[in-house]
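**Student:** What follows is run17.cif, mmCIF, C-alpha atoms.
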data_start
loop_
_atom_site.group_PDB
_atom_site.id
_atom_site.type_symbol
_atom_site.label_atom_id
_atom_site.label_comp_id
_atom_site.auth_asym_id
_atom_site.auth_seq_id
_atom_site.Cartn_x
_atom_site.Cartn_y
_atom_site.Cartn_z
ATOM 1 C CA THR A 890 88.285 119.795 110.698
ATOM 2 C CA LEU A 891 91.643 118.047 111.043
ATOM 3 C CA GLN A 892 93.366 115.856 108.431
ATOM 4 C CA LEU A 893 95.230 113.015 110.185
ATOM 5 C CA GLU A 894 97.964 110.737 108.957
ATOM 6 C CA GLY A 895 99.315 108.531 111.743
ATOM 7 C CA GLU A 896 97.949 108.341 115.273
ATOM 8 C CA ALA A 897 96.620 110.889 117.772
ATOM 9 C CA TYR A 898 94.863 110.891 121.127
ATOM 10 C CA PHE A 899 92.275 113.596 121.855
ATOM 11 C CA GLU A 900 90.631 114.846 125.045
ATOM 12 C CA VAL A 901 87.897 117.307 124.103
ATOM 13 C CA GLN A 902 86.473 119.533 126.862
ATOM 14 C CA SER A 903 83.494 121.258 125.245
ATOM 15 C CA LEU A 904 82.414 122.084 121.721
ATOM 16 C CA THR A 905 80.531 124.887 120.045
ATOM 17 C CA LEU A 906 81.392 123.760 116.490
ATOM 18 C CA PRO A 907 81.698 120.239 115.100
ATOM 19 C CA PHE A 908 85.191 118.766 115.486
ATOM 20 C CA ILE A 909 85.941 116.318 112.656
ATOM 21 C CA ILE A 910 89.063 114.214 112.106
ATOM 22 C CA LYS A 911 89.501 112.979 108.525
ATOM 23 C CA THR A 912 91.765 110.147 107.381
ATOM 24 C CA LYS A 913 92.129 108.301 104.103
ATOM 25 C CA TYR A 914 89.972 105.437 105.464
ATOM 26 C CA GLY A 915 87.319 107.233 107.479
ATOM 27 C CA GLU A 916 86.050 110.239 109.360
ATOM 28 C CA VAL A 917 85.522 110.752 113.097
ATOM 29 C CA THR A 918 83.154 113.347 114.530
ATOM 30 C CA VAL A 919 83.586 114.265 118.179
ATOM 31 C CA LEU A 920 80.469 114.030 120.301
ATOM 32 C CA GLY A 921 82.309 115.100 123.512
ATOM 33 C CA THR A 922 84.964 112.731 124.748
ATOM 34 C CA ALA A 923 88.471 111.240 125.001
ATOM 35 C CA PHE A 924 89.436 108.987 122.093
ATOM 36 C CA ASN A 925 92.282 107.725 119.920
ATOM 37 C CA VAL A 926 92.470 107.618 116.120
ATOM 38 C CA LYS A 927 95.101 105.497 114.362
ATOM 39 C CA HIS A 928 95.533 105.568 110.582
ATOM 40 C CA ARG A 929 98.157 103.530 108.744
ATOM 41 C CA ASP A 930 98.261 101.792 105.348
ATOM 42 C CA ASN A 931 95.236 99.443 105.250
ATOM 43 C CA PHE A 932 94.647 100.064 108.980
ATOM 44 C CA PHE A 933 92.119 102.398 110.618
ATOM 45 C CA GLU A 934 91.239 102.258 114.324
ATOM 46 C CA VAL A 935 89.145 104.492 116.563
ATOM 47 C CA THR A 936 88.819 103.773 120.291
ATOM 48 C CA CYS A 937 86.514 105.764 122.564
ATOM 49 C CA TYR A 938 87.744 106.166 126.162
ATOM 50 C CA GLN A 939 85.066 108.637 127.375
ATOM 51 C CA GLY A 940 81.831 109.986 125.969
ATOM 52 C CA ARG A 941 80.984 109.153 122.347
ATOM 53 C CA VAL A 942 82.368 109.583 118.829
ATOM 54 C CA LYS A 943 80.802 109.073 115.426
ATOM 55 C CA VAL A 944 82.867 107.143 112.868
ATOM 56 C CA ILE A 945 82.083 107.191 109.148
ATOM 57 C CA HIS A 946 83.791 104.577 106.990
ATOM 58 C CA LYS A 947 82.711 103.989 103.375
ATOM 59 C CA ASP A 948 79.275 105.555 103.948
ATOM 60 C CA LYS A 949 78.685 103.420 107.061
ATOM 61 C CA THR A 950 78.135 105.357 110.299
ATOM 62 C CA THR A 951 78.978 103.863 113.701
ATOM 63 C CA ILE A 952 78.558 105.569 117.083
ATOM 64 C CA LEU A 953 81.154 104.450 119.619
ATOM 65 C CA ALA A 954 80.602 104.740 123.375
ATOM 66 C CA LYS A 955 83.185 104.459 126.144
ATOM 67 C CA GLY A 956 85.151 101.230 125.837
ATOM 68 C CA GLU A 957 84.278 100.545 122.195
ATOM 69 C CA THR A 958 86.677 100.248 119.245
ATOM 70 C CA PHE A 959 86.045 100.413 115.507
ATOM 71 C CA LEU A 960 88.832 98.734 113.548
ATOM 72 C CA VAL A 961 89.394 98.198 109.827
ATOM 73 C CA VAL A 962 92.298 95.940 108.816
ATOM 74 C CA ASN A 963 92.801 95.201 105.123
ATOM 75 C CA GLY A 964 89.228 96.292 104.410
ATOM 76 C CA ILE A 965 87.649 94.059 107.101
ATOM 77 C CA ILE A 966 85.616 95.849 109.794
ATOM 78 C CA ILE A 967 86.066 94.569 113.349
ATOM 79 C CA ASN A 968 84.186 95.910 116.370
ATOM 80 C CA ARG A 969 85.910 95.441 119.735
ATOM 81 C CA SER A 970 85.791 96.570 123.313
ATOM 82 C CA THR A 971 88.467 97.757 125.731
ATOM 83 C CA ALA A 972 88.654 98.164 129.487
ATOM 84 C CA LEU A 973 91.534 100.653 129.220
ATOM 85 C CA ASP A 974 91.092 104.344 130.025
ATOM 86 C CA LYS A 975 93.731 105.617 127.552
ATOM 87 C CA PRO A 976 95.832 104.269 124.668
ATOM 88 C CA GLN A 977 98.890 102.285 125.705
ATOM 89 C CA TRP A 978 101.224 104.263 123.439
ATOM 90 C CA LEU A 979 100.867 107.163 125.911
ATOM 91 C CA SER A 980 102.737 104.862 128.351
ATOM 92 C CA ASN A 981 105.432 103.968 125.771
ATOM 93 C CA THR A 982 103.934 100.605 124.822
ATOM 94 C CA SER A 983 102.438 99.330 121.583
ATOM 95 C CA ALA A 984 99.745 96.691 122.140
ATOM 96 C CA PHE A 985 98.004 94.439 119.616
ATOM 97 C CA LYS A 986 95.041 92.075 119.801
ATOM 98 C CA SER A 987 94.643 89.675 116.865
ATOM 99 C CA ILE A 988 96.485 91.935 114.401
ATOM 100 C CA PRO A 989 98.525 90.713 111.399
ATOM 101 C CA LEU A 990 102.242 90.473 112.203
ATOM 102 C CA LYS A 991 103.054 92.846 109.318
ATOM 103 C CA GLU A 992 101.218 95.635 111.225
ATOM 104 C CA VAL A 993 103.217 94.863 114.379
ATOM 105 C CA ILE A 994 106.468 94.954 112.403
ATOM 106 C CA ALA A 995 105.496 98.258 110.757
ATOM 107 C CA GLU A 996 104.788 99.805 114.177
ATOM 108 C CA PHE A 997 108.084 98.458 115.536
ATOM 109 C CA GLU A 998 109.923 100.051 112.574
ATOM 110 C CA ARG A 999 108.222 103.411 113.290
ATOM 111 C CA GLN A 1000 108.982 103.323 117.009
ATOM 112 C CA TYR A 1001 112.638 102.334 116.685
ATOM 113 C CA ASN A 1002 113.494 103.882 113.291
ATOM 114 C CA VAL A 1003 114.823 100.576 111.949
ATOM 115 C CA LYS A 1004 114.220 98.369 108.913
ATOM 116 C CA VAL A 1005 112.885 94.850 109.569
ATOM 117 C CA THR A 1006 113.083 92.085 106.998
ATOM 118 C CA THR A 1007 111.617 88.603 107.369
ATOM 119 C CA LYS A 1008 112.741 85.152 106.247
ATOM 120 C CA ASN A 1009 110.373 82.154 106.065
ATOM 121 C CA ILE A 1010 107.635 84.045 107.935
ATOM 122 C CA ASN A 1011 103.991 84.511 106.980
ATOM 123 C CA THR A 1012 103.482 88.147 107.991
ATOM 124 C CA ASP A 1013 99.693 87.673 107.802
ATOM 125 C CA LEU A 1014 100.070 85.534 110.948
ATOM 126 C CA ILE A 1015 97.819 86.936 113.692
ATOM 127 C CA PHE A 1016 99.666 88.410 116.671
ATOM 128 C CA THR A 1017 98.471 89.310 120.159
ATOM 129 C CA GLY A 1018 100.949 90.979 122.480
ATOM 130 C CA ARG A 1019 102.828 94.189 123.159
ATOM 131 C CA PHE A 1020 106.257 95.750 123.079
ATOM 132 C CA THR A 1021 107.910 98.584 124.955
ATOM 133 C CA HIS A 1022 109.216 101.730 123.256
ATOM 134 C CA ASP A 1023 112.235 102.213 125.510
ATOM 135 C CA ASN A 1024 114.326 99.045 125.010
ATOM 136 C CA ILE A 1025 114.773 97.569 121.549
ATOM 137 C CA ASP A 1026 116.049 94.183 122.764
ATOM 138 C CA THR A 1027 113.145 93.727 125.181
ATOM 139 C CA ALA A 1028 110.751 94.803 122.431
ATOM 140 C CA LEU A 1029 112.225 92.298 119.968
ATOM 141 C CA LYS A 1030 111.923 89.480 122.503
ATOM 142 C CA SER A 1031 108.300 90.476 123.184
ATOM 143 C CA ILE A 1032 107.514 90.011 119.504
ATOM 144 C CA THR A 1033 109.697 87.019 118.620
ATOM 145 C CA LEU A 1034 109.459 84.695 121.640
ATOM 146 C CA PRO A 1035 105.646 84.149 121.632
ATOM 147 C CA ILE A 1036 105.659 83.097 117.958
ATOM 148 C CA GLN A 1037 109.011 81.282 118.064
ATOM 149 C CA LEU A 1038 111.066 83.539 115.809
ATOM 150 C CA THR A 1039 114.738 84.400 116.022
ATOM 151 C CA TYR A 1040 116.352 87.703 115.138
ATOM 152 C CA THR A 1041 119.661 89.234 114.231
ATOM 153 C CA LYS A 1042 120.406 92.912 114.577
ATOM 154 C CA THR A 1043 123.017 94.871 112.621
ATOM 155 C CA ASN A 1044 122.989 98.661 113.001
ATOM 156 C CA ASN A 1045 119.485 99.765 111.889
ATOM 157 C CA THR A 1046 118.566 96.482 110.200
ATOM 158 C CA ILE A 1047 116.799 93.587 111.918
ATOM 159 C CA ILE A 1048 116.166 90.203 110.319
ATOM 160 C CA LEU A 1049 113.378 88.035 111.730
ATOM 161 C CA THR A 1050 113.656 84.324 110.894
ATOM 162 C CA ARG A 1051 111.540 81.228 111.400
ATOM 163 C CA GLU A 1052 113.725 78.152 111.685
#
Could you write out this file's structure as structure tokens?
**Tutor:**
Amino acid sequence: TLQLEGEAYFEVQSLTLPFIIKTKYGEVTVLGTAFNVKHRDNFFEVTCYQGRVKVIHKDKTTILAKGETFLVVNGIIINRSTALDKPQWLSNTSAFKSIPLKEVIAEFERQYNVKVTTKNINTDLIFTGRFTHDNIDTALKSITLPIQLTYTKTNNTIILTRE
């Protein structure tokens, strides 16, 4: 049994004992596979890339097969699919599909160790896109240009603004 806070990718070869990952929002039992578990405040996501995993969230059990994702955002359960064979963060990219902007901003802050503040922006706005982990200016443009925001950057503080 493993207690997880944050995000981790697993490739499990073979099992003789149950392998269980526990987070504040749910539990994942390995059924032989490659998968990713992401746990943040009000955000829980499990994506199966090979084999199967069992996810338990609030007494509800879901079995995920290859290409399936179980996502909980702000208490809402969303089932999705993916054609990817591994999480994009392993390639230094954070990707989002219909996720509240506040989650994107929180991930950006974690990746770049900065503080982001917003002005005149509804951070519940749904965002689809990605940003790179190796160039902060390119990452900022990837977030701000699609939703028509501007930004200023001073040391470790970034201000996002809607005009």
**Student:** Would you kindly return, as a list in words, each protein, DNA or RNA residue with an atom no farther than 12 Å from any atom of Pro1035 of chain A, considering all atoms listed in the file and excluding same-chain residues fewer than 3 positions away?
**Tutor:**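 Once the nearby chain positions are removed, what remains is Leu990, Ile1015, Phe1016, Thr1017, Gly1018, Arg1019, Phe1020, Ala1028, Leu1029, Lys1030, Ser1031, Ile1032, Leu1038 and Thr1039 of chain A.
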**Student:** What do you get, as a PyMOL selection string, if you spell out every residue that the PyMOL selection byres ((chain A and resi 963) around 7) selects here?
**Tutor:** chain A and resi 931-932+961-962+964-965
**Student:** How many Å separate atom CA of His928 of chain A from atom CA of Glu894 of chain A?
**Tutor:**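 Here the two named atoms are 5.9 Å from each other.
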**Student:** With the PyMOL selection byres ((chain A and resi 1042) around 12) as the selection, what would be picked from this file? Answer as a PyMOL selection string, please.
**Tutor:** chain A and resi 1003-1006+1025-1026+1029+1039-1041+1043-1050
**Student:** May I have the residues from that selection written out with C-alpha atoms, as a compact mmCIF listing (two decimals), keeping the file's coordinate frame?
**Tutor:**
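Writing done, so here's selection-v5.txt:
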# COMPACT_ATOMS: atom_id res chain seq x y z
CA VAL A 1003 114.82 100.58 111.95
CA LYS A 1004 114.22 98.37 108.91
CA VAL A 1005 112.88 94.85 109.57
CA THR A 1006 113.08 92.08 107.00
CA ILE A 1025 114.77 97.57 121.55
CA ASP A 1026 116.05 94.18 122.76
CA LEU A 1029 112.22 92.30 119.97
CA THR A 1039 114.74 84.40 116.02
CA TYR A 1040 116.35 87.70 115.14
CA THR A 1041 119.66 89.23 114.23
CA THR A 1043 123.02 94.87 112.62
CA ASN A 1044 122.99 98.66 113.00
CA ASN A 1045 119.48 99.76 111.89
CA THR A 1046 118.57 96.48 110.20
CA ILE A 1047 116.80 93.59 111.92
CA ILE A 1048 116.17 90.20 110.32
CA LEU A 1049 113.38 88.04 111.73
CA THR A 1050 113.66 84.32 110.89
**Student:** Tell me, in Å to one decimal, how far atom CA of Thr912 of chain A is from atom CA of Asn1011 of chain A.
**Tutor:** 28.4 Å
**Student:** As a check of understanding, name the residues that the PyMOL selection byres ((chain A and resi 921) around 9) selects in the supplied structure, as an mmCIF file with C-alpha atoms, in the frame of the given file.
**Tutor:**
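So the final result, stored in expr-v7.cif, reads:
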data_model
loop_
_atom_site.group_PDB
_atom_site.id
_atom_site.type_symbol
_atom_site.label_atom_id
_atom_site.label_comp_id
_atom_site.auth_asym_id
_atom_site.auth_seq_id
_atom_site.Cartn_x
_atom_site.Cartn_y
_atom_site.Cartn_z
ATOM 1 C CA GLU A 900 90.631 114.846 125.045
ATOM 2 C CA VAL A 901 87.897 117.307 124.103
ATOM 3 C CA GLN A 902 86.473 119.533 126.862
ATOM 4 C CA SER A 903 83.494 121.258 125.245
ATOM 5 C CA LEU A 904 82.414 122.084 121.721
ATOM 6 C CA VAL A 919 83.586 114.265 118.179
ATOM 7 C CA LEU A 920 80.469 114.030 120.301
ATOM 8 C CA THR A 922 84.964 112.731 124.748
ATOM 9 C CA ALA A 923 88.471 111.240 125.001
ATOM 10 C CA GLN A 939 85.066 108.637 127.375
ATOM 11 C CA GLY A 940 81.831 109.986 125.969
ATOM 12 C CA ARG A 941 80.984 109.153 122.347
ATOM 13 C CA VAL A 942 82.368 109.583 118.829
#
**Student:** Could you check which of A:Lys975, A:Arg1051, A:Lys913, A:Lys986 is closest to Ile1010 of chain A, using all atoms listed in the file?
**Tutor:**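 Under the stated criterion, the closest residue is A:Arg1051.
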**Student:** Please identify all polymer residues within 9 Å of Pro976 of chain A, counting all atoms listed in the file, omitting same-chain residues fewer than 6 positions from it, and present them as a ChimeraX atom specification.
**Tutor:** /A:898,924-925,936,938,982-984
**Student:** Between atom CA of Glu896 of chain A and atom CA of Thr918 of chain A, measure the distance and give it in Å to one decimal.
**Tutor:**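 These atoms are spaced 15.6 Å apart.
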**Student:** For Asn981 of chain A, list every protein, DNA or RNA residue within 8 Å, evaluated using all atoms listed in the file, and leave out those in the same chain fewer than 5 positions away; present the list as a list in words.
**Tutor:**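 What passes the distance filter is Thr1021, His1022 and Asp1023 of chain A.
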**Student:** When you count all atoms listed in the file, which of these residues is closest to Thr950 of chain A: A:Val917, A:Val935, A:Leu979, A:Ile1036?
**Tutor:**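 Ranking A:Val917, A:Val935, A:Leu979, A:Ile1036 by distance to Thr950 of chain A, first place goes to A:Val917.
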**Student:** Using only C-alpha atoms, pick whichever of A:Gly895, A:Asn968, A:Lys955, A:Thr890 has the shortest atom-to-atom distance to Glu996 of chain A.
**Tutor:**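 Result for the nearest residue to Glu996 of chain A: A:Gly895.
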**Student:** Calculated over all atoms listed in the file, which of the candidates A:Arg969, A:Phe959, A:Thr1027, A:Ile910 has the smallest distance to Phe997 of chain A?
**Tutor:** A:Thr1027
**Student:** Listed atoms of segment 956-972 of chain A, axis-aligned box, 6 Å per side: centre and edge lengths to one decimal in Å, as lines of an AutoDock Vina configuration file?
**Tutor:**
center_x = 88.5
center_y = 97.6
center_z = 116.9
size_x = 20.6
size_y = 19.2
size_z = 37.1
**Student:** Have a look at A:Glu916, A:Pro907, A:Asn1002, A:Cys937 and name the one nearest to Thr971 of chain A; count only C-alpha atoms.
**Tutor:**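 Of A:Glu916, A:Pro907, A:Asn1002, A:Cys937, the one nearest Thr971 of chain A is A:Cys937, counting only C-alpha atoms.
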**Student:** Given the choices A:Asp948, A:Glu957, A:Lys927, A:Leu893, which gets closest to Trp978 of chain A if the distance is worked out from only C-alpha atoms?
**Tutor:**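 Counting only C-alpha atoms, the residue closest to Trp978 of chain A is A:Lys927.
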